[in-house]
Every structure is written in structure tokens, then in C-alpha cells.
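So this block is work.tsv, TSV, C-alpha atoms:
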chain	number	residue	atom	x	y	z
A	176	MET	CA	-9.53	100.02	-9.50
A	177	HIS	CA	-10.85	101.57	-12.62
A	178	ARG	CA	-12.73	104.77	-13.13
A	179	HIS	CA	-15.48	105.32	-15.57
A	180	PRO	CA	-14.53	108.24	-17.73
A	181	VAL	CA	-17.17	110.90	-18.07
A	182	GLY	CA	-17.21	113.08	-21.14
A	183	ASP	CA	-14.99	111.10	-23.46
A	184	THR	CA	-17.58	108.45	-24.21
A	185	ALA	CA	-20.85	108.89	-25.98
A	186	SER	CA	-22.97	107.84	-23.01
A	187	GLU	CA	-22.55	108.59	-19.34
A	188	PRO	CA	-21.92	105.66	-17.01
A	189	SER	CA	-25.12	104.09	-15.78
A	190	ALA	CA	-26.10	104.14	-12.12
A	191	TRP	CA	-25.23	100.44	-12.07
A	192	ASP	CA	-21.67	101.09	-13.29
A	193	ILE	CA	-21.22	103.93	-10.80
A	194	ALA	CA	-22.48	101.61	-8.08
A	195	ALA	CA	-20.15	98.76	-9.10
A	196	ASP	CA	-17.18	101.11	-9.07
A	197	ALA	CA	-18.16	102.62	-5.71
A	198	TYR	CA	-18.77	99.20	-4.17
A	199	ALA	CA	-15.33	97.96	-5.30
A	200	ARG	CA	-13.72	101.04	-3.73
A	201	TRP	CA	-15.74	100.63	-0.53
A	202	VAL	CA	-14.81	96.96	-0.15
A	203	ALA	CA	-11.18	97.99	-0.71
A	204	GLY	CA	-11.45	100.25	2.32
A	205	GLU	CA	-12.45	103.64	0.96
A	206	GLY	CA	-15.18	104.58	3.43
A	207	ARG	CA	-16.45	107.58	1.51
A	208	ALA	CA	-17.25	105.41	-1.51
A	209	LEU	CA	-20.37	104.36	0.38
A	210	ASP	CA	-21.78	107.85	-0.26
A	211	ASP	CA	-21.46	107.35	-4.02
A	212	LEU	CA	-22.93	103.86	-3.79
A	213	VAL	CA	-25.99	105.01	-1.85
A	214	ARG	CA	-26.61	108.05	-4.05
A	215	ALA	CA	-26.31	106.00	-7.25
A	216	LEU	CA	-28.81	103.33	-6.26
A	217	THR	CA	-31.35	105.16	-4.11
A	218	PRO	CA	-33.58	106.33	-7.01
A	219	ALA	CA	-33.93	102.85	-8.51
A	220	LEU	CA	-34.57	101.36	-5.06
A	221	TRP	CA	-37.22	103.97	-4.36
A	222	HIS	CA	-39.18	103.34	-7.53
A	223	THR	CA	-38.93	99.58	-7.13
A	224	VAL	CA	-40.19	99.63	-3.56
A	225	ARG	CA	-42.90	102.24	-4.18
A	226	SER	CA	-44.33	100.12	-6.98
A	227	TYR	CA	-45.49	97.74	-4.26
A	228	GLY	CA	-47.80	100.41	-2.92
A	229	LEU	CA	-45.83	101.15	0.24
A	230	THR	CA	-46.31	104.51	1.95
A	231	GLU	CA	-43.35	106.90	1.88
A	232	GLU	CA	-42.40	105.95	5.44
A	233	ALA	CA	-42.67	102.23	4.81
A	234	ALA	CA	-40.70	102.62	1.57
A	235	GLN	CA	-37.89	104.45	3.36
A	236	ASP	CA	-37.86	101.79	6.06
A	237	THR	CA	-37.68	99.02	3.48
A	238	ILE	CA	-34.83	100.67	1.57
A	239	GLN	CA	-32.88	101.18	4.79
A	240	GLY	CA	-33.47	97.53	5.60
A	241	ALA	CA	-31.97	96.46	2.28
A	242	TRP	CA	-28.87	98.61	2.83
A	243	LEU	CA	-28.44	97.31	6.37
A	244	GLN	CA	-28.52	93.77	5.01
A	245	LEU	CA	-25.77	94.66	2.55
A	246	ILE	CA	-23.62	96.15	5.32
A	247	ARG	CA	-24.17	93.18	7.59
A	248	HIS	CA	-23.68	90.56	4.92
A	249	ARG	CA	-21.22	92.15	2.59
A	250	ASP	CA	-19.66	88.75	1.99
A	251	SER	CA	-22.75	87.79	0.02
A	252	VAL	CA	-21.84	90.21	-2.77
A	253	ARG	CA	-18.42	89.35	-4.13
A	254	ASP	CA	-18.79	90.66	-7.67
A	255	PRO	CA	-19.08	94.48	-7.58
A	256	GLN	CA	-21.14	94.40	-10.76
A	257	ALA	CA	-23.80	92.41	-8.90
A	258	VAL	CA	-24.33	94.89	-6.06
A	259	GLY	CA	-27.16	96.80	-7.75
A	260	GLY	CA	-29.12	93.69	-8.63
A	261	TRP	CA	-28.55	92.25	-5.17
A	262	LEU	CA	-29.91	95.38	-3.48
A	263	ILE	CA	-32.92	95.63	-5.80
A	264	THR	CA	-33.79	91.98	-5.24
A	265	THR	CA	-33.38	92.33	-1.47
A	266	ALA	CA	-35.51	95.49	-1.38
A	267	ARG	CA	-38.18	93.82	-3.49
A	268	ARG	CA	-38.33	90.87	-1.14
A	269	LEU	CA	-38.65	93.19	1.87
A	270	ALA	CA	-41.31	95.26	0.12
A	271	TRP	CA	-43.27	92.16	-0.78
A	272	ARG	CA	-43.03	90.99	2.83
A	273	ALA	CA	-44.12	94.44	4.09
A	274	THR	CA	-47.26	94.39	1.97
A	275	ARG	CA	-48.08	90.97	3.36
A	276	ALA	CA	-47.37	92.07	6.93
A	277	ARG	CA	-50.10	94.65	6.55
A	278	GLU	CA	-52.42	91.88	5.45
A	279	ILE	CA	-53.51	93.88	2.44
A	280	PRO	CA	-53.81	91.84	-0.75
A	281	VAL	CA	-51.18	93.26	-3.00
A	282	ASP	CA	-53.48	93.73	-5.97
A	283	GLU	CA	-55.65	96.06	-3.93
A	284	VAL	CA	-52.73	98.35	-3.28
A	285	ALA	CA	-52.80	101.23	-5.72
A	286	PRO	CA	-49.14	102.01	-6.40
A	287	ASP	CA	-49.89	105.45	-7.74
A	288	VAL	CA	-52.29	106.50	-5.04
A	289	ALA	CA	-49.90	108.97	-3.46
A	290	ALA	CA	-48.44	110.18	-6.71
A	291	PRO	CA	-49.82	113.40	-8.15
A	292	GLY	CA	-50.79	113.38	-11.79
A	293	PRO	CA	-48.87	115.45	-14.26
A	294	SER	CA	-49.33	119.17	-14.04
A	295	PRO	CA	-50.61	120.97	-17.14
A	296	GLU	CA	-47.22	122.50	-17.78
A	297	ASP	CA	-45.61	119.08	-17.92
A	298	ALA	CA	-43.85	118.74	-21.22
A	299	ALA	CA	-43.33	115.55	-23.15
A	300	VAL	CA	-41.80	112.61	-21.31
A	301	ALA	CA	-39.36	110.80	-23.56
A	302	GLY	CA	-41.33	111.74	-26.65
A	303	LEU	CA	-44.76	111.06	-25.21
A	304	GLU	CA	-47.11	113.67	-23.92
A	305	ALA	CA	-47.02	113.36	-20.14
A	306	THR	CA	-50.78	113.39	-19.67
A	307	VAL	CA	-51.22	110.64	-22.27
A	308	LEU	CA	-48.60	108.52	-20.56
A	309	TRP	CA	-50.11	109.17	-17.14
A	310	ARG	CA	-53.61	108.18	-18.26
A	311	ALA	CA	-52.28	105.01	-19.85
A	312	VAL	CA	-50.21	104.01	-16.80
A	313	SER	CA	-53.15	104.75	-14.50
A	314	ALA	CA	-55.48	102.63	-16.61
A	315	LEU	CA	-53.28	99.53	-16.26
A	316	ASP	CA	-54.29	96.95	-13.70
A	317	ALA	CA	-52.27	97.06	-10.48
A	318	ARG	CA	-50.15	94.04	-11.38
A	319	CYS	CA	-49.11	95.38	-14.79
A	320	ARG	CA	-48.45	98.82	-13.37
A	321	ARG	CA	-46.18	97.39	-10.70
A	322	LEU	CA	-44.40	95.05	-13.07
A	323	ILE	CA	-43.70	97.75	-15.64
A	324	ARG	CA	-42.42	100.19	-13.03
A	325	VAL	CA	-40.12	97.55	-11.56
A	326	ILE	CA	-38.82	96.61	-15.02
A	327	ALA	CA	-38.34	100.25	-16.04
A	328	PHE	CA	-35.94	100.77	-13.13
A	329	ALA	CA	-34.23	97.38	-13.31
A	330	GLU	CA	-30.65	97.01	-14.43
A	331	ARG	CA	-31.56	94.35	-16.94
A	332	PRO	CA	-35.19	93.62	-17.46
A	333	GLY	CA	-34.65	90.12	-16.12
A	334	TYR	CA	-37.46	87.64	-16.05
A	335	ALA	CA	-36.75	84.78	-13.69
A	336	GLU	CA	-35.51	86.90	-10.80
A	337	LEU	CA	-38.80	88.75	-10.70
A	338	SER	CA	-40.94	85.77	-9.95
A	339	ALA	CA	-40.94	85.22	-6.21
A	340	GLU	CA	-41.54	88.80	-5.21
A	341	THR	CA	-44.25	89.60	-7.70
A	342	GLY	CA	-46.14	86.46	-6.82
A	343	MET	CA	-46.12	85.19	-10.38
A	344	PRO	CA	-44.81	81.81	-11.43
A	345	ILE	CA	-41.51	81.95	-13.29
A	346	GLY	CA	-42.97	80.66	-16.53
A	347	SER	CA	-45.49	83.48	-16.71
A	348	ILE	CA	-43.08	86.40	-16.36
A	349	GLY	CA	-42.14	86.56	-20.01
A	350	PRO	CA	-45.72	86.44	-21.33
A	351	THR	CA	-46.97	88.69	-18.51
A	352	ARG	CA	-44.34	91.28	-19.24
A	353	ARG	CA	-45.21	91.08	-22.92
A	354	ARG	CA	-48.91	91.41	-22.21
A	355	CYS	CA	-48.40	94.40	-19.88
A	356	LEU	CA	-46.17	96.27	-22.31
A	357	ASP	CA	-48.56	95.61	-25.19
A	358	LYS	CA	-51.46	96.80	-23.07
A	359	LEU	CA	-49.66	100.01	-22.19
A	360	ARG	CA	-48.82	100.59	-25.83
A	361	THR	CA	-52.42	100.01	-26.86
A	362	LEU	CA	-53.69	102.42	-24.20
A	363	ILE	CA	-51.26	105.11	-25.37
A	364	GLN	CA	-52.19	104.69	-29.01
A	365	GLY	CA	-55.88	104.59	-28.25
A	366	ASP	CA	-55.48	107.89	-26.48
A	367	ILE	CA	-53.51	109.50	-29.29
A	368	ALA	CA	-55.74	108.23	-32.08
B	284	MET	CA	-47.22	109.74	-33.42
B	285	THR	CA	-47.58	107.30	-36.26
B	286	THR	CA	-45.46	104.34	-35.19
B	287	ALA	CA	-45.86	102.45	-31.94
B	288	PRO	CA	-43.00	103.02	-29.50
B	289	GLY	CA	-40.70	100.02	-29.03
B	290	ASP	CA	-40.22	98.34	-25.65
B	291	ASP	CA	-37.09	100.30	-24.79
B	292	ALA	CA	-38.65	103.63	-25.69
B	293	LEU	CA	-41.77	102.73	-23.76
B	294	LEU	CA	-39.79	101.76	-20.66
B	295	ALA	CA	-37.68	104.92	-20.96
B	296	ALA	CA	-40.88	106.97	-21.04
B	297	VAL	CA	-42.28	105.12	-18.01
B	298	ARG	CA	-39.02	105.71	-16.17
B	299	ALA	CA	-39.04	109.43	-16.98
B	300	GLY	CA	-42.69	109.60	-15.98
B	301	TRP	CA	-42.25	108.03	-12.56
B	302	GLU	CA	-39.13	110.13	-11.92
B	303	ARG	CA	-41.40	113.12	-12.28
B	304	TRP	CA	-44.58	111.81	-10.62
B	305	ASP	CA	-43.11	110.17	-7.55
B	306	PRO	CA	-39.48	111.20	-6.99
B	307	PRO	CA	-37.60	109.90	-3.94
B	308	PRO	CA	-37.55	112.26	-0.93
B	309	ALA	CA	-34.68	114.72	-1.28
B	310	ASP	CA	-33.07	113.61	1.99
B	311	LEU	CA	-33.46	109.85	1.49
B	312	SER	CA	-29.81	109.19	0.58
B	313	GLU	CA	-28.64	111.23	3.56
B	314	THR	CA	-30.94	109.36	5.93
B	315	ILE	CA	-29.62	106.05	4.67
B	316	LEU	CA	-26.03	107.19	5.08
B	317	VAL	CA	-26.70	108.31	8.66
B	318	ALA	CA	-28.31	104.94	9.37
B	319	LEU	CA	-25.35	103.05	7.88
B	320	ALA	CA	-22.87	105.18	9.83
B	321	MET	CA	-24.62	104.12	13.04
B	322	GLU	CA	-24.41	100.49	12.10
B	323	GLU	CA	-22.22	98.21	14.15
B	324	VAL	CA	-21.45	95.40	11.78
B	325	ASP	CA	-20.56	92.74	14.28
B	326	ASP	CA	-23.68	93.00	16.38
B	327	ASP	CA	-26.30	90.36	16.13
B	328	TYR	CA	-29.84	91.66	16.20
B	329	ALA	CA	-33.19	91.38	14.45
B	330	LEU	CA	-34.55	94.26	12.41
B	331	LEU	CA	-37.91	95.71	13.38
B	332	THR	CA	-39.87	96.66	10.28
B	333	LEU	CA	-42.18	99.65	10.17
B	334	VAL	CA	-45.65	98.26	9.57
B	335	GLN	CA	-47.83	101.30	9.99
B	336	ARG	CA	-47.59	104.97	10.77
B	337	SER	CA	-50.52	107.29	11.33
B	338	HIS	CA	-51.17	110.81	12.53
B	339	GLN	CA	-54.08	112.00	14.57
B	340	LEU	CA	-55.11	115.29	16.11
B	341	VAL	CA	-56.39	115.00	19.67
B	342	GLY	CA	-57.68	117.45	22.24
B	343	ALA	CA	-59.93	120.48	22.26
B	344	ARG	CA	-60.08	122.89	19.38
B	345	ASN	CA	-57.65	125.39	20.85
B	346	ASP	CA	-55.38	122.79	22.29
B	347	ARG	CA	-54.79	120.37	19.47
B	348	THR	CA	-51.95	117.93	19.79
B	349	ASP	CA	-50.47	116.15	16.86
B	350	ARG	CA	-50.04	112.55	17.84
B	351	VAL	CA	-48.17	109.96	15.83
B	352	LEU	CA	-48.70	106.23	16.12
B	353	ILE	CA	-46.04	103.92	14.76
B	354	GLU	CA	-46.04	100.15	14.68
B	355	PHE	CA	-42.96	98.00	14.18
B	356	ARG	CA	-42.81	94.27	13.87
B	357	SER	CA	-40.20	91.53	13.76
B	358	GLY	CA	-41.57	88.04	13.65
B	359	ALA	CA	-43.78	87.65	16.70
B	360	LEU	CA	-42.53	90.82	18.41
B	361	THR	CA	-44.62	93.95	17.98
B	362	VAL	CA	-43.67	97.43	19.16
B	363	LEU	CA	-46.30	100.16	19.24
B	364	VAL	CA	-45.14	103.71	19.84
B	365	ARG	CA	-47.20	106.83	20.42
B	366	VAL	CA	-45.39	110.14	20.06
B	367	THR	CA	-47.04	113.07	21.82
B	368	GLN	CA	-45.97	116.68	21.95
B	369	ASP	CA	-46.27	117.59	25.63
B	370	ASP	CA	-45.03	121.14	25.46
B	371	PRO	CA	-43.29	123.25	22.81
B	372	ASP	CA	-39.89	121.69	23.37
B	373	GLY	CA	-40.63	118.22	24.64
B	374	LEU	CA	-41.91	115.01	23.09
B	375	ARG	CA	-43.05	111.95	24.96
B	376	LEU	CA	-42.90	108.42	23.65
B	377	ASP	CA	-45.31	105.91	25.12
B	378	GLY	CA	-44.90	102.40	23.90
B	379	TRP	CA	-45.96	98.84	24.24
B	380	VAL	CA	-43.91	95.77	23.44
B	381	THR	CA	-45.73	92.47	22.93
B	382	PRO	CA	-45.39	89.72	23.92
B	383	ALA	CA	-44.46	91.17	27.30
B	384	GLY	CA	-41.42	89.55	28.87
B	385	GLY	CA	-39.40	92.34	30.42
B	386	GLY	CA	-36.38	94.17	29.10
B	387	THR	CA	-35.46	97.67	28.02
B	388	VAL	CA	-36.11	100.12	25.21
B	389	THR	CA	-33.45	102.61	24.18
B	390	ILE	CA	-33.98	105.56	21.88
B	391	THR	CA	-31.02	106.97	19.96
B	392	GLN	CA	-31.12	110.40	18.39
B	393	GLY	CA	-27.73	111.44	17.08
B	394	ASP	CA	-25.33	111.04	20.00
B	395	ALA	CA	-28.06	111.10	22.62
B	396	THR	CA	-29.52	107.92	24.03
B	397	ARG	CA	-32.16	107.30	26.67
B	398	THR	CA	-33.31	103.99	28.09
B	399	ALA	CA	-36.57	102.92	29.69
B	400	THR	CA	-37.44	99.65	31.40
B	401	LEU	CA	-40.43	97.63	30.25
B	402	ASP	CA	-43.05	97.01	32.91
B	403	GLU	CA	-44.90	93.70	33.36
B	404	GLN	CA	-47.34	94.57	30.60
B	405	GLY	CA	-44.52	95.46	28.24
B	406	ARG	CA	-45.21	99.19	28.47
B	407	PHE	CA	-42.61	101.93	28.56
B	408	THR	CA	-42.35	105.72	28.58
B	409	LEU	CA	-39.48	107.78	27.25
B	410	PRO	CA	-40.23	111.29	28.50
B	411	VAL	CA	-37.84	113.58	26.71
B	412	ALA	CA	-37.10	113.28	23.06
B	413	THR	CA	-36.73	115.92	20.39
B	414	HIS	CA	-37.82	115.91	16.79
B	415	GLY	CA	-35.49	114.25	14.35
B	416	LEU	CA	-34.18	110.94	13.11
B	417	SER	CA	-34.55	108.29	15.78
B	418	ARG	CA	-33.92	104.63	16.32
B	419	LEU	CA	-35.32	102.27	18.92
B	420	VAL	CA	-33.43	99.32	20.31
B	421	VAL	CA	-35.51	96.78	22.21
B	422	ALA	CA	-33.65	94.30	24.39
B	423	THR	CA	-36.04	91.65	25.61
B	424	THR	CA	-35.36	89.49	28.63
B	425	ASP	CA	-36.48	85.94	28.97
B	426	ALA	CA	-38.95	86.16	31.85
B	427	ALA	CA	-37.97	82.79	33.28
B	428	SER	CA	-34.19	83.01	33.25
B	429	GLU	CA	-33.78	86.80	33.34
B	430	ALA	CA	-31.05	86.39	30.76
B	431	PRO	CA	-31.01	88.73	27.77
B	432	ALA	CA	-32.81	86.86	25.04
B	433	SER	CA	-32.65	89.07	21.98
B	434	GLU	CA	-32.02	92.52	20.64
B	435	PHE	CA	-34.30	94.18	18.11
B	436	ARG	CA	-33.65	97.42	16.28
B	437	THR	CA	-35.72	99.68	14.12
B	438	THR	CA	-34.33	101.48	11.13
B	439	LEU	CA	-34.01	105.25	11.44
B	440	PHE	CA	-37.37	106.99	11.46
B	441	GLU	CA	-38.44	110.60	11.78
B	442	ILE	CA	-40.37	111.85	14.79
Could I get this structure in the form of C-alpha cells?
Amino acid sequence: MHRHPVGDTASEPSAWDIAADAYARWVAGEGRALDDLVRALTPALWHTVRSYGLTEEAAQDTIQGAWLQLIRHRDSVRDPQAVGGWLITTARRLAWRATRAREIPVDEVAPDVAAPGPSPEDAAVAGLEATVLWRAVSALDARCRRLIRVIAFAERPGYAELSAETGMPIGSIGPTRRRCLDKLRTLIQGDIA
Amino acid sequence: MTTAPGDDALLAAVRAGWERWDPPPADLSETILVALAMEEVDDDYALLTLVQRSHQLVGARNDRTDRVLIEFRSGALTVLVRVTQDDPDGLRLDGWVTPAGGGTVTITQGDATRTATLDEQGRFTLPVATHGLSRLVVATTDAASEAPASEFRTTLFEI
């Protein structure tokens, strides 16, 4: 068992490292480590699932479903470092299935429909003015908006693993990701200019 | 800004943006932990997925009742639940399981459980339930053999 030191390194451990450590402790029999595991990964799971346009209730249900699958099939994750990716992929598959169960074409789902826009007092977000960023993200087509939100909260912005759940062929993920990021950048710069 | 932000900076900004625009519910981690604590690992069951949830106000102007409709699904099995507030301290769950084949529905809220039997149409009523995190367990019976066929469970949901 190894701990991730906090404070004596330049950067804090990522949620993925905290999760890997907690998962290793949980598998070794430390029941309370599950608390750390759930708290570390819940934000990323939330944003991933919400990008599919699920309501808050359906998103919570989907995230619970992913965790229940981990508990029931813990043998399927042997490498602690893989637990975050496994949960995200499982949640994405469930979210994708949930959007299909409602028989709503996924591109007609507006992922940001329930999200309030930035308030006037919102300061800059990572160097960008929040309202500029919000307008640019809102102006993206639904597919790009979902893809970029999923990638932004992914452990590694992987390509191939995204394919099945986003409904895009594997070969198009790289170019699609490129196109979506470029489009967002253009929208931001057009707004600033 | 004179230079275009790089991919990493752009994604960091998007991440920070969504963290602010659509944060996870404050109690989400706790709800998950309660659900996992209730989990019996060895049991074999199918998970019922929440498909739809809607609210409606019914009744006369001075006697409005907030009614919640929730639909769960697992493969071919559909469970519709209507939650009605009968009086200030009592909720009633009326539900419908299709396809109808007999069986039971159990609601769990914390340590309390209550079971109702499905009638021939697959309908059930659970008269007393309080607000809070709840889970339904549907045990369907094969109509021909009367043997328990399958168990279905919802995740935890708020009523």
C-alpha cells in the first residue's frame, strides 16, 4: 500500500490517483476506503453522464448503476489504476443506453438545458471570461458539446474507448475531437475579437 | 487575449466551466454510499433503470396534491409508480408491473421494508411510506409454474 503525499510535491494527486489508492485499500479489506473512492470519482462521473442530456434523477440513477456494477463484479477490475476508467466507461454505456431507452435521438438532447448560464459576477474561468466560454460552449452542436465535456473530465483524453458510447466510428474520433476543439477555439476568439 | 489557448488550457477551462454551471448534487456521494452499503454482493438480480420521472399537481385549487410518476425498466419489464401524498404524514405508492405475471413488490426505506402482492393486472399498492431514499424490489412469479422467476431492483431514489 502506498500513500500519495500531499504537500511535498508540486501538484496534488489527481482524482484518478486518489481513486486507485482507495480502490487498492478497499480490495485489501479496508471498508471505509470505499468512501474515498466514491467521493473522488463522483464529480467526473456526474459530468460524463450529464453530457448525455440525462435529467438529474436519471443521471443519479445511472451513476448508482455503474457503482453497483463495480461492487457486483469487482473481479473485472484487477489493476487499481484502471478503476476510474472502468467506472467512466461503464457509466457512459449506461447513459447512452438510458438516452436510447427514452427513444429520444441523442442529438436532440440539449446537454446544457438544465444548466444555468454564468451569473454576471462570475469571474474568469481558467483564464477565459466565463460568459465568453459559456456562449462558445452553448453555440457548439450537441455532439461536439457532449464530446468536449466527456473529454474534459476523462482521465486521459482517449480516443478509441469513446467510440461505442458516442455513436461515432472509431476512426472518426480523432478528427472529430480535433474539429470540435478547433470549433470551440474559433467561437471563443470570434467572441473576443 | 492574443494567442489561441492550447488544447489542454481549453479543456481545463471547459472543466472549470462545467464545474460551476452544473455541479453534482451535494448529497450524491452520500446517496451512492448508502446504496452500496445496502448491496448484497452475492445476490443475483436485474437492475431496474429509471426511465422517466415527472411531477404533477392534481386536485382543486385549495387542495393541491403533488403527485410524482416514476417509470423504471429492465429489459421487457416495466414498473410504473405513482407517489401520492394522502395526508400530512403519509404517502401512498400505487404501481403497475408489466407484463403481469404475479409476484411481490417490496419497498425499502432505511431499515423499514413493506411488501405488497401484485394482482392479476400487475397492480400493487403500498399504503404507508415516508419521504426519503427508497428502493423497490420486484420479485416476479412465473404464472404457469408459480416458481419465483426473477428479482428486479431499482437503485435508490428519492420520494
Sorted per-residue table, chain B near chain A, closest atoms and distance, 6 Å, all atoms listed in the file, as JSON lines:
{"residue": "B:Leu294", "atom": "CA", "partner": "A:Ala327", "partner_atom": "CA", "distance": 5.1}
{"residue": "B:Ala296", "atom": "CA", "partner": "A:Ala301", "partner_atom": "CA", "distance": 4.8}
{"residue": "B:Arg298", "atom": "CA", "partner": "A:Ala327", "partner_atom": "CA", "distance": 5.5}
{"residue": "B:Trp304", "atom": "CA", "partner": "A:Ala290", "partner_atom": "CA", "distance": 5.7}
{"residue": "B:Asp305", "atom": "CA", "partner": "A:Ala290", "partner_atom": "CA", "distance": 5.4}
{"residue": "B:Pro307", "atom": "CA", "partner": "A:Trp221", "partner_atom": "CA", "distance": 6.0}
{"residue": "B:Ser312", "atom": "CA", "partner": "A:Arg214", "partner_atom": "CA", "distance": 5.7}
{"residue": "B:Ile315", "atom": "CA", "partner": "A:Gln239", "partner_atom": "CA", "distance": 5.9}
{"residue": "B:Val324", "atom": "CA", "partner": "A:Arg247", "partner_atom": "CA", "distance": 5.5}
{"residue": "B:Leu333", "atom": "CA", "partner": "A:Ala233", "partner_atom": "CA", "distance": 6.0}
Legend entry - Selected residue, from A:Leu362, A:Ala329, A:Arg268, A:Leu322, that lies nearest to A:Gly349 when counting all atoms listed in the file: A:Leu322
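Considering all atoms listed in the file, the residue among B:Asp370, B:Leu319, B:Ala383, B:Pro288 positioned nearest to A:Arg207 is B:Leu319.
Coordinates place atom CA of A:Cys319 at a distance of 28.1 Å from atom CA of A:Asp192.
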Inset, instruction - Please measure the separation of atom CA of A:Ala270 and atom CA of A:Ala314, giving the value in Å to one decimal. - result: 23.1 Å
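For the atom pair formed by atom CA of B:Leu401 and atom CA of B:Thr332, the distance is 20.0 Å, given to one decimal.
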Inset, instruction - Quick one: everything within 10 Å of A:Tyr198, counting all atoms listed in the file, minus sequence neighbours fewer than 5 positions away in the same chain. Send it as a PyMOL selection string. - result: chain A and resi 192-193+203-206+208-213+252-259
Legend entry - Nearest to A:Ile263, chosen from A:Val307, A:Leu315, A:Ala194, A:Val224, with all atoms listed in the file counted in the distances: A:Val224
Inset, instruction - Mind checking which residues fall within 9 Å of B:Ala359, counting all atoms listed in the file, ignoring those fewer than 2 positions away in the same chain, and posting them as a ChimeraX atom specification? - result: /B:356-357,361,381-382
Can you patch up stretch 347-363 of chain B, filling it in to N, CA, C and O atoms, and show the result as a compact mmCIF listing (two decimals), in the coordinates of the input?
# COMPACT_ATOMS: atom_id res chain seq x y z
N ARG B 347 -55.01 121.58 20.27
CA ARG B 347 -54.79 120.37 19.47
C ARG B 347 -53.37 119.85 19.63
O ARG B 347 -52.42 120.62 19.65
N THR B 348 -53.26 118.56 19.72
CA THR B 348 -51.95 117.93 19.79
C THR B 348 -51.82 116.97 18.63
O THR B 348 -52.72 116.18 18.38
N ASP B 349 -50.73 117.09 17.93
CA ASP B 349 -50.47 116.15 16.86
C ASP B 349 -49.86 114.90 17.47
O ASP B 349 -48.84 114.95 18.16
N ARG B 350 -50.51 113.79 17.24
CA ARG B 350 -50.04 112.55 17.84
C ARG B 350 -49.71 111.57 16.72
O ARG B 350 -50.46 111.44 15.76
N VAL B 351 -48.61 110.90 16.86
CA VAL B 351 -48.17 109.96 15.83
C VAL B 351 -48.16 108.56 16.43
O VAL B 351 -47.66 108.36 17.54
N LEU B 352 -48.73 107.63 15.71
CA LEU B 352 -48.70 106.23 16.12
C LEU B 352 -47.86 105.45 15.13
O LEU B 352 -48.07 105.55 13.92
N ILE B 353 -46.89 104.70 15.64
CA ILE B 353 -46.04 103.92 14.76
C ILE B 353 -45.99 102.48 15.26
O ILE B 353 -45.90 102.25 16.47
N GLU B 354 -46.09 101.56 14.32
CA GLU B 354 -46.04 100.15 14.68
C GLU B 354 -44.87 99.48 13.97
O GLU B 354 -44.70 99.63 12.76
N PHE B 355 -44.07 98.78 14.74
CA PHE B 355 -42.96 98.00 14.18
C PHE B 355 -43.20 96.53 14.49
O PHE B 355 -43.80 96.19 15.50
N ARG B 356 -42.65 95.69 13.64
CA ARG B 356 -42.81 94.27 13.87
C ARG B 356 -41.56 93.51 13.43
O ARG B 356 -40.89 93.90 12.47
N SER B 357 -41.26 92.45 14.16
CA SER B 357 -40.20 91.53 13.76
C SER B 357 -40.62 90.15 14.21
O SER B 357 -40.57 89.83 15.40
N GLY B 358 -41.06 89.36 13.28
CA GLY B 358 -41.57 88.04 13.65
C GLY B 358 -42.75 88.21 14.58
O GLY B 358 -43.72 88.90 14.27
N ALA B 359 -42.66 87.60 15.77
CA ALA B 359 -43.78 87.65 16.70
C ALA B 359 -43.76 88.91 17.56
O ALA B 359 -44.73 89.23 18.24
N LEU B 360 -42.66 89.64 17.55
CA LEU B 360 -42.53 90.82 18.41
C LEU B 360 -43.14 92.05 17.74
O LEU B 360 -42.83 92.37 16.60
N THR B 361 -44.01 92.72 18.48
CA THR B 361 -44.62 93.95 17.98
C THR B 361 -44.29 95.10 18.92
O THR B 361 -44.34 94.94 20.14
N VAL B 362 -43.93 96.23 18.36
CA VAL B 362 -43.67 97.43 19.16
C VAL B 362 -44.57 98.54 18.66
O VAL B 362 -44.53 98.91 17.49
N LEU B 363 -45.43 99.03 19.56
CA LEU B 363 -46.30 100.16 19.24
C LEU B 363 -45.78 101.39 19.96
O LEU B 363 -45.47 101.33 21.15
